[in-house]
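Asker: The structure follows.
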Amino acid sequence: MIKAGIDIGAKNIKIVIMKDSEILAKGVFLSGIDIKVFINEIFNKVLKDANLSKENISQIIVTGVGTDLIPFATNKISIVSAIAKTANFYFPESKMVIDVGAEETRIVKCNKGAVLDFALNDKCAAGAGLFLEAISRALEVSLEEMGRLSLKTENTVPINTQCVIFAESEVVSLIHRKTPKEDIARSVYDSMASRVYSLASKLGIEQNTVVVGGVAKDIGFLDSLKRKLGVNLLVPDNPEFAGAIGACL
Amino acid sequence: MKDSFERRYKREPVIRKDERIIEDIQKVKTNLINLIKNNPNRPATMAYYDEIILGDKRENELKNLKNKVIGTFCYFVPEELIWGVGCIPVRLCSGFFETITPAEEVLPRDICPLIRSTFGCKVEGVGYFNLCSLIVLPTTCDGKKKLGEYISDYLPVLTLNLPNIKTYDMAKEMWNKEIKVLKSKLEEFSGTKITRKNLEYWIKLFQKRSKLFRSIYELRKTNPGIISHRDFLMMVQSSFYDDINRWIEKTQVLYDELVEKSKQKNSFNGEKLLITGAPIIFPNFKILNVIEDLGALVVVDELCSGTQRLWDYAEPDEWTMEGMLESIATRYLLPSTCPCFTTSYDRIDKLLTMVDEFKVDGVIYHDLRLCQLFDMERNLVTKILKDKNIPVLTIHTEYSQEDTEQIKTRIEAFLEMIRSKA
Amino acid sequence: MIERKITFIRRIVQIFAFVLIFYGGWLLALKHIEIKWWVFEKGKPPVELNYDNPTHTQPLQTFLPIRSCRFAGTTGVFRGCMMFFLSDTLAWLPSLKNILPHLLLLLFLIFLFARFWCGWLCPIGFISEILYEIRKALGIARERLPKLVRSSFKVIGVTLLVSLLTTSLLIASPSVPWSIRKPLYVATCQICPSRIITPLITGFPLILNLTFKSASTFLLVTLFILLVIFSLIYAFSFIFKRSWCKICPGGVILSFFNKGALITKEKDIKKCTRCGICANCCPMETTEIYDEKDKRNVDHRECIQCYRCVDLCPEKDCLKVKFLGKEIFKS
């Protein structure tokens with residue numbers, strides 16, 4: 001059965017077309033202001049990549065926020081259940097999933113794909129992708145470069161603020177004080193990782209932890225997170241599409 | 001002491017009359033009621049409660065009555081005494097988001113939203129707060145403790161010293177004395193003495209009201225779908241300010257109607273939830289709207305603005321004046337599950353009983369941001385419920401409507417989790 | 001509609017028991033036997049004495065674990081109460097076969113109901129409840145015993161019982177002089193307030209043994225003072241509820257059986273809202289039922305099984321009374 005999964009995130013829309021367990025096509029697009037307007041467009045684009053048409057798709061499952069906005073969706077599932085299923089698909093022994101997206105961080109405790117407990121942190125963006133983007137802007141490097149820089153040092157400077165708006169200005173003042181960019185980058189990742197850690201510790205940290213989401217591609221973040229949580233982290237391929245994949249499973 | 005303080009340092013009460021806010025509030029109320037009315041299964045008697053909750057009818061009645069209106073807060077104020085001296089008690093806890101900003105002119109920003117909302121009603125001159133001539137305020141949480149001083153700029157305030165540790169001998173003795181002092185102060189305020197027969201009448205009436213409420217509560221055990229929880233809370237919250245005899249009459253009609261309904265078909269197949277935590281007051285039904293839109297149903301609540309309000313009644317050992325006052329004092333102190341006391345044992349026992357009796361699938365813990373008491377109890381309560389394999393979801397929220405989507409995400413995930421467990 | 005059903009039923013049973021015990025002899029026209037009291041001394045012929053005791057004794061030669069007082073005279077039904085039986089037996093030490101049936105019957109009745117006798121059938125308890133009904137009608141408030149007094153009453157009760165029984169045993173020895181034995185014979189009756197109350201009700205002439213010669217005056221005065229004190233305690237049940245019942249020696253004996261009797265009370269811990277109504281209304285001023293949060297079984301020694309707590313408890317099925325495992329009352 002060919003299914004399509006659409007994950008509507010805060011910043012990006014992720015679409016994936018799968019046949020049983022194989023990914024036929026995928027695409028990531030910026031969420032605009034009015035999703036209804038261009039969802040057809042982007043969906044057709046992904047369909048073309050897979051050389052299929054809408055009739056071949058037996059189910060279109062939506063997840064994320066704004067699930068009511070897709071008129072042609074057939075089912076919906078909550079993002080929490082979706083990432084649990086993805087984690088189980090790639091790593092059947094996994095007991096915990098950490099999903100760091102653009103604006104949200106989600107931690108799900110699961111067992112063989114069934115959700116046991118979850119915690120969401122969507123009030124403050126300090127533990128999520130937008131924070132990193134703001135810092136990379138202030139450091140005037142790309143996100144990948146920032147990850148590489150952070151691995152080059154062992155020093156950290158205390159980052160006092162947890163607010164994205166103030167973080168940019170604080171980083172700028174640190175640069176003016178000639179703090180090396182490597183140290184700043186590492187401290188930023190460490191502070192993000194401690195936010196994730198405090199959310200995860202309420203649920204109890206498990207040995208087999210999977211990390212998904214756009215931020216899971218960042219090696220600097222993964223390093224900090226591994227140090228803070230003290231467990232081995234498992235990262236699947238295409239971590240950004242975890243939600244959309246889980247919707248299809 | 002207050003008078004000499006006033007003479008030394010004068011304070012002007014802040015009064016604003018923002019027409020827009022008053023209009024907005026009216027709109028919010030009407031919209032919510034129209035939303036709730038959309039339910040085709042709604043019992044017909046609810047139309048009466050709609051009218052009362054909208055407020056205008058009852059406010060006009062109160063304006064025209066000669067009796068003075070006394071504003072109260074929380075669970076702990078004995079209403080039998082207030083009715084006994086011929087005044088009308090009105091519970092002032094408010095659910096309006098629009099009155100929070102005017103209140104922040106006077107009150108600090110980082111306190112309980114319920115307190116800010118209620119105080120804002122006085123600043124704006126909206127609602128029942130405007131009709132009161134006296135306020136009775138028990139010292140429950142930190143916010144309410146200090147609120148008395150702010151309100152005393154506008155109205156006279158009688159504070160009741162609520163004991164923090166609920167023990168049978170010492171706390172009860174202290175509270176007994178407080179109630180006696182309250183009685184004499186109320187008699188002084190209203191100019192009427194409470195007679196034995198009068199107080200007996202009111203105690204018996206309140207018993208009747210409680211028992212009627214319990215019978216509706218019992219109906220939902222076997223047949224949860226007969227009334228939605230928003231309707232149930234509207235019924236309970238209209239008793240905050242309605243005329244008691246009329247409320248009892250109409251609720252009897254509602255009960256008969258619900259009994260009829262439960263004889264016909266319907267069993268409810270969705271998820272059954274219990275909601276507990278900080279008060280949910282009309283029109284702040286945000287969480288309930290989300291839950292009921294997603295197809296689940298709240299079958300029982302453990303809220304001080306819901307079941308806990310009407311559950312207990314006073315049962316005097318003997319019908320002498322002292323015996324009745326003692327029974328009123330125990331009723332308004334000992335059975336309370338408010339987290340303002342030092343231990344949470346009674347509340348946890350009550351929650352576990354409710355979960356058993358209603359066969360609840362999951363518990364939602366409503367945490368108002370900046371409420372320390374409910375927040376502190378949350379860890380204790382949720383741990384015990386989780387140890388007993390009862391799924392719990394905590395929702396931190398405020399009075400504003402912005403986070404509706406986020407609440408929806410969480411509740412959706414929670415419901416899916418429950419469904420996959422089953 | 002009767003609001004407090006159990007109390008209503010209990011009142012009816014109490015009235016019935018009261019009438020039967022105190023006036024049954026007259027109602028049922030039972031024949032009364034005149035008895036004579038003999039004193040046996042070694043080597044001497046028996047001497048008939050006539051002191052302090054009613055000359056007519058009741059027809060039913062048995063004893064109940066309540067104040068089925070022998071001072072009810074010709075209108076009463078029973079020969080005496082359990083305390084009289086115990087004192088009498090210990091003082092005269094008759095042969096076992098004479099007392100065994102009475103003893104076994106008593107034990108059986110006690111084991112069956114324990115302090116249920118106190119709450120439902122004792123006529124003296126009934127009178128003390130009448131006293132506080134009068135107070136209620138007059139609008140006077142109830143007072144509670146101060147904590148120290150209440151806890152000391154428990155100790156006094158047991159001490160009283162033990163001293164009465166030992167006194168009765170001590171005077172059984174033949175070496176005790178007559179001046180001591182006479183007043184102390186049936187020590188319980190000398191100090192029991194029932195001795196004053198019962199004759200007032202049944203019309204039997206009050207007999208106080210102050211007019212004895214050849215009896216130790218010191219003992220007589222002491223006993224008289226004790227009698228007055230205990231009668232006052234009884235009379236205070238106008239203000240406090242059932243004040244005598246808190247130190248009654250018969251009640252103390254029954255209280256040891258409260259926990260193992262066939263009639264039990266149970267509480268559903270989770271339903272209890274800790275409203276405190278049971279502790280408020282308890283005539284024995286105990287808070288055991290209110291405090292209990294662990295076990296289901298809430299029998300305790302002080303309870304007179306009046307079931308007022310069960311009657312007034314607002315939570316459905318929270319408190320239950322069971323006899324032989326079957327529920328008879330519940331809240």
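Chains: A, B, ... in order of the structure tokens. Residues: from 1 per chain. Ligands: from 1, in order shown.
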With a distance threshold of 6 Å and counting only C-alpha atoms, extract the residues of chain A near chain B and express them as a JSON list (two decimals) with C-alpha atoms, in the first residue's frame.

Answerer:
[["chain", "number", "residue", "atom", "x", "y", "z"],
["A", 78, "SER", "CA", -0.82, 13.09, 16.69],
["A", 80, "VAL", "CA", 3.64, 12.11, 19.51],
["A", 115, "VAL", "CA", 3.31, 5.67, 23.74]]

Asker: Within 8 Å of chain B, which residues of chain C show up? Give each one with its shortest atom-to-atom distance in Å (one decimal) and the two atoms involved, counting only C-alpha atoms, rows by chain then rising residue number, as a tab-separated table.

Answerer:
residue	atom	partner	partner_atom	distance
C:Lys136	CA	B:Thr320	CA	6.5
C:Gly139	CA	B:Thr320	CA	5.4
C:Ile140	CA	B:Thr320	CA	6.8
C:Ala141	CA	B:Glu322	CA	5.6
C:Arg142	CA	B:Gly323	CA	7.2
C:Lys270	CA	B:Asp349	CA	5.6
C:Lys271	CA	B:Thr353	CA	6.5
C:Thr273	CA	B:Pro335	CA	5.4
C:Arg274	CA	B:Pro335	CA	5.3
C:Cys275	CA	B:Pro335	CA	4.3
C:Gly276	CA	B:Leu334	CA	6.4
C:Ile277	CA	B:Glu315	CA	6.8
C:Asn280	CA	B:Asp317	CA	6.9
C:Cys281	CA	B:Asp317	CA	5.0
C:Leu312	CA	B:Glu315	CA	6.8
C:Pro314	CA	B:Tyr313	CA	7.8

Asker: Assign secondary structure with DSSP using the backbone only, and return the residues of segment 176-264 of chain B in helix (DSSP H, G or I) as number ranges by chain.

Answerer: B: 176-190, 196-222, 224-226, 229-238, 244-263

Asker: Ala84 of chain A: which residues within 6 Å, counting only C-alpha atoms, same-chain residues fewer than 3 positions away excluded, as a list in words?

Answerer: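 Listing them by chain and then by number gives Ser81, Ala87 and Gly113 of chain A.
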
Asker: Which polymer residues have any atom within 6 Å of an atom of segment 172-188 of chain A, counting only C-alpha atoms, with same-chain residues fewer than 6 positions away left out, as a PDB file with C-alpha atoms, in the first residue's frame?

Answerer:
ATOM      1  CA  LEU A 149      33.288  24.621  15.510  1.00  0.00           C
ATOM      2  CA  SER A 150      31.737  23.466  18.758  1.00  0.00           C
ATOM      3  CA  ASN A 155      35.710  25.431  27.053  1.00  0.00           C
ATOM      4  CA  THR A 156      32.300  26.880  27.706  1.00  0.00           C
ATOM      5  CA  VAL A 157      31.082  30.288  28.760  1.00  0.00           C
TER       6      VAL A 157
END

Asker: Might you pull out every residue within 9 Å of Lys85 of chain A, with only C-alpha atoms counted and same-chain residues fewer than 2 positions away left off, and present them as a list in words?

Answerer: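 Answer for this query is Val80, Ser81, Ala82, Ile83, Ala87, Asn88, Phe89, Tyr90, Cys110, Lys112, Gly113, Ala114, Val115, Ala242, Gly243, Ile245, Gly246, Ala247 and Leu249 of chain A.
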
Asker: Determine, counting only C-alpha atoms, which protein, DNA and RNA residues have an atom within 12 Å of an atom of Val19 of chain C; residues of the same chain fewer than 4 positions away are not included. Present the result as a list in words.

Answerer: Ile12, Val13, Gln14, Ile15, Tyr23, Gly24, Gly25, Trp26, Leu27, Leu28, Ser68, Ala72, Thr75, Gly76, Val77, Leu121, Cys122, Pro123, Ile124, Phe126, Ile127, Ile201 and Thr202 of chain C

Asker: Limited to N, CA and C atoms, could you put the picked residues into a file as an mmCIF file, in the first residue's frame?

Answerer:
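Below is the file again_20.cif, written as the result:
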data_model
loop_
_atom_site.group_PDB
_atom_site.id
_atom_site.type_symbol
_atom_site.label_atom_id
_atom_site.label_comp_id
_atom_site.auth_asym_id
_atom_site.auth_seq_id
_atom_site.Cartn_x
_atom_site.Cartn_y
_atom_site.Cartn_z
ATOM 1 N N ILE C 12 -36.913 3.540 70.031
ATOM 2 C CA ILE C 12 -38.044 2.639 70.267
ATOM 3 C C ILE C 12 -37.589 1.423 71.052
ATOM 4 N N VAL C 13 -36.456 0.857 70.643
ATOM 5 C CA VAL C 13 -35.943 -0.313 71.357
ATOM 6 C C VAL C 13 -35.601 0.055 72.793
ATOM 7 N N GLN C 14 -35.042 1.253 72.979
ATOM 8 C CA GLN C 14 -34.672 1.671 74.336
ATOM 9 C C GLN C 14 -35.912 1.803 75.222
ATOM 10 N N ILE C 15 -36.959 2.409 74.654
ATOM 11 C CA ILE C 15 -38.177 2.591 75.459
ATOM 12 C C ILE C 15 -38.749 1.232 75.831
ATOM 13 N N TYR C 23 -40.564 -2.048 84.596
ATOM 14 C CA TYR C 23 -41.975 -2.218 84.949
ATOM 15 C C TYR C 23 -42.535 -3.566 84.557
ATOM 16 N N GLY C 24 -41.669 -4.412 84.013
ATOM 17 C CA GLY C 24 -42.176 -5.680 83.501
ATOM 18 C C GLY C 24 -42.841 -6.546 84.542
ATOM 19 N N GLY C 25 -42.288 -6.471 85.739
ATOM 20 C CA GLY C 25 -42.845 -7.327 86.775
ATOM 21 C C GLY C 25 -44.303 -7.005 87.052
ATOM 22 N N TRP C 26 -44.569 -5.711 86.984
ATOM 23 C CA TRP C 26 -45.933 -5.291 87.257
ATOM 24 C C TRP C 26 -46.814 -5.534 86.043
ATOM 25 N N LEU C 27 -46.253 -5.238 84.840
ATOM 26 C CA LEU C 27 -47.035 -5.413 83.622
ATOM 27 C C LEU C 27 -47.391 -6.875 83.401
ATOM 28 N N LEU C 28 -46.380 -7.712 83.624
ATOM 29 C CA LEU C 28 -46.612 -9.116 83.329
ATOM 30 C C LEU C 28 -47.093 -9.871 84.562
ATOM 31 N N SER C 68 -29.891 -3.832 84.813
ATOM 32 C CA SER C 68 -31.223 -4.349 85.107
ATOM 33 C C SER C 68 -31.300 -4.391 86.624
ATOM 34 N N ALA C 72 -35.106 -1.996 91.352
ATOM 35 C CA ALA C 72 -36.403 -1.745 90.744
ATOM 36 C C ALA C 72 -37.519 -2.412 91.507
ATOM 37 N N THR C 75 -41.519 -4.039 90.812
ATOM 38 C CA THR C 75 -41.943 -3.861 89.422
ATOM 39 C C THR C 75 -40.897 -4.368 88.442
ATOM 40 N N GLY C 76 -39.685 -4.595 88.915
ATOM 41 C CA GLY C 76 -38.631 -5.011 88.001
ATOM 42 C C GLY C 76 -38.749 -6.469 87.612
ATOM 43 N N VAL C 77 -37.911 -6.873 86.714
ATOM 44 C CA VAL C 77 -38.007 -8.225 86.185
ATOM 45 C C VAL C 77 -36.796 -9.075 86.554
ATOM 46 N N LEU C 121 -29.982 -1.017 75.100
ATOM 47 C CA LEU C 121 -30.877 -1.670 76.046
ATOM 48 C C LEU C 121 -30.747 -1.195 77.489
ATOM 49 N N CYS C 122 -29.631 -0.588 77.841
ATOM 50 C CA CYS C 122 -29.444 -0.234 79.249
ATOM 51 C C CYS C 122 -30.428 0.854 79.660
ATOM 52 N N PRO C 123 -31.244 0.612 80.693
ATOM 53 C CA PRO C 123 -32.215 1.642 81.072
ATOM 54 C C PRO C 123 -31.565 2.882 81.665
ATOM 55 N N ILE C 124 -30.465 2.710 82.346
ATOM 56 C CA ILE C 124 -29.791 3.883 82.907
ATOM 57 C C ILE C 124 -29.216 4.745 81.785
ATOM 58 N N PHE C 126 -30.518 4.937 78.911
ATOM 59 C CA PHE C 126 -31.694 5.582 78.329
ATOM 60 C C PHE C 126 -32.073 6.828 79.120
ATOM 61 N N ILE C 127 -32.048 6.714 80.449
ATOM 62 C CA ILE C 127 -32.397 7.885 81.263
ATOM 63 C C ILE C 127 -31.411 9.016 81.014
ATOM 64 N N ILE C 201 -37.525 6.207 89.894
ATOM 65 C CA ILE C 201 -38.418 5.992 88.748
ATOM 66 C C ILE C 201 -39.478 4.954 89.079
ATOM 67 N N THR C 202 -39.032 3.876 89.755
ATOM 68 C CA THR C 202 -40.004 2.808 89.948
ATOM 69 C C THR C 202 -40.789 2.969 91.223
#

Asker: What is the atom CA of Thr89 of chain C-atom CA of Ala172 of chain C distance in Å, reported with one decimal?

Answerer: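 Atom CA of Ala172 of chain C lies at a distance of 9.2 Å from atom CA of Thr89 of chain C.
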
Asker: Give the strand (DSSP E) residues of segment 60-229 of chain C, as assigned by DSSP on the backbone, as a ChimeraX atom specification.

Answerer: /C:60-64,78-81

Asker: Segment 81-84 of chain C: which residues within 10 Å, counting only C-alpha atoms, same-chain residues fewer than 5 positions away excluded, as an mmCIF file with C-alpha atoms, in the first residue's frame?

Answerer:
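result-v4.cif, written as the output of this step:
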data_model
loop_
_atom_site.group_PDB
_atom_site.id
_atom_site.type_symbol
_atom_site.label_atom_id
_atom_site.label_comp_id
_atom_site.auth_asym_id
_atom_site.auth_seq_id
_atom_site.Cartn_x
_atom_site.Cartn_y
_atom_site.Cartn_z
ATOM 1 C CA THR C 62 -30.685 -14.145 85.933
ATOM 2 C CA PHE C 63 -28.429 -11.212 85.271
ATOM 3 C CA LEU C 64 -28.024 -9.052 82.228
ATOM 4 C CA PRO C 65 -24.955 -7.114 81.215
ATOM 5 C CA ILE C 66 -26.842 -3.855 81.723
ATOM 6 C CA ARG C 67 -28.261 -2.058 84.690
ATOM 7 C CA SER C 68 -31.223 -4.349 85.107
ATOM 8 C CA CYS C 69 -31.105 -3.014 88.603
ATOM 9 C CA ARG C 70 -32.409 -4.913 91.552
ATOM 10 C CA THR C 89 -20.215 -14.359 93.600
ATOM 11 C CA LEU C 90 -16.832 -13.114 94.650
ATOM 12 C CA HIS C 102 -25.469 -17.541 84.776
ATOM 13 C CA LEU C 103 -21.827 -17.060 83.878
ATOM 14 C CA LEU C 106 -23.566 -13.677 80.457
ATOM 15 C CA LEU C 161 -13.785 -2.070 88.142
ATOM 16 C CA LEU C 164 -14.657 -3.300 93.158
ATOM 17 C CA LEU C 165 -13.874 -6.844 92.192
ATOM 18 C CA TYR C 185 -20.952 -6.482 100.664
ATOM 19 C CA VAL C 186 -22.137 -5.816 97.090
ATOM 20 C CA ALA C 187 -19.719 -2.939 96.844
ATOM 21 C CA THR C 188 -20.912 -2.096 93.362
ATOM 22 C CA CYS C 189 -24.394 -1.340 94.514
ATOM 23 C CA CYS C 192 -23.679 2.883 91.651
ATOM 24 C CA PRO C 249 -17.495 -0.582 85.440
ATOM 25 C CA GLY C 250 -19.983 -2.792 83.666
ATOM 26 C CA GLY C 251 -19.180 -0.880 80.513
ATOM 27 C CA ILE C 253 -16.091 -5.281 81.150
#

Asker: What does the distance from atom CA of Gly127 of chain B to atom CA of Leu65 of chain B come to in Å, to one decimal?

Answerer: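 Distance reported for this atom pair: 16.3 Å.
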
Asker: Rounded to one decimal in Å, what is the spacing between atom CA of Val236 of chain B and atom CA of Val253 of chain B?

Answerer: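 Atom CA of Val236 of chain B sits 14.7 Å away from atom CA of Val253 of chain B.
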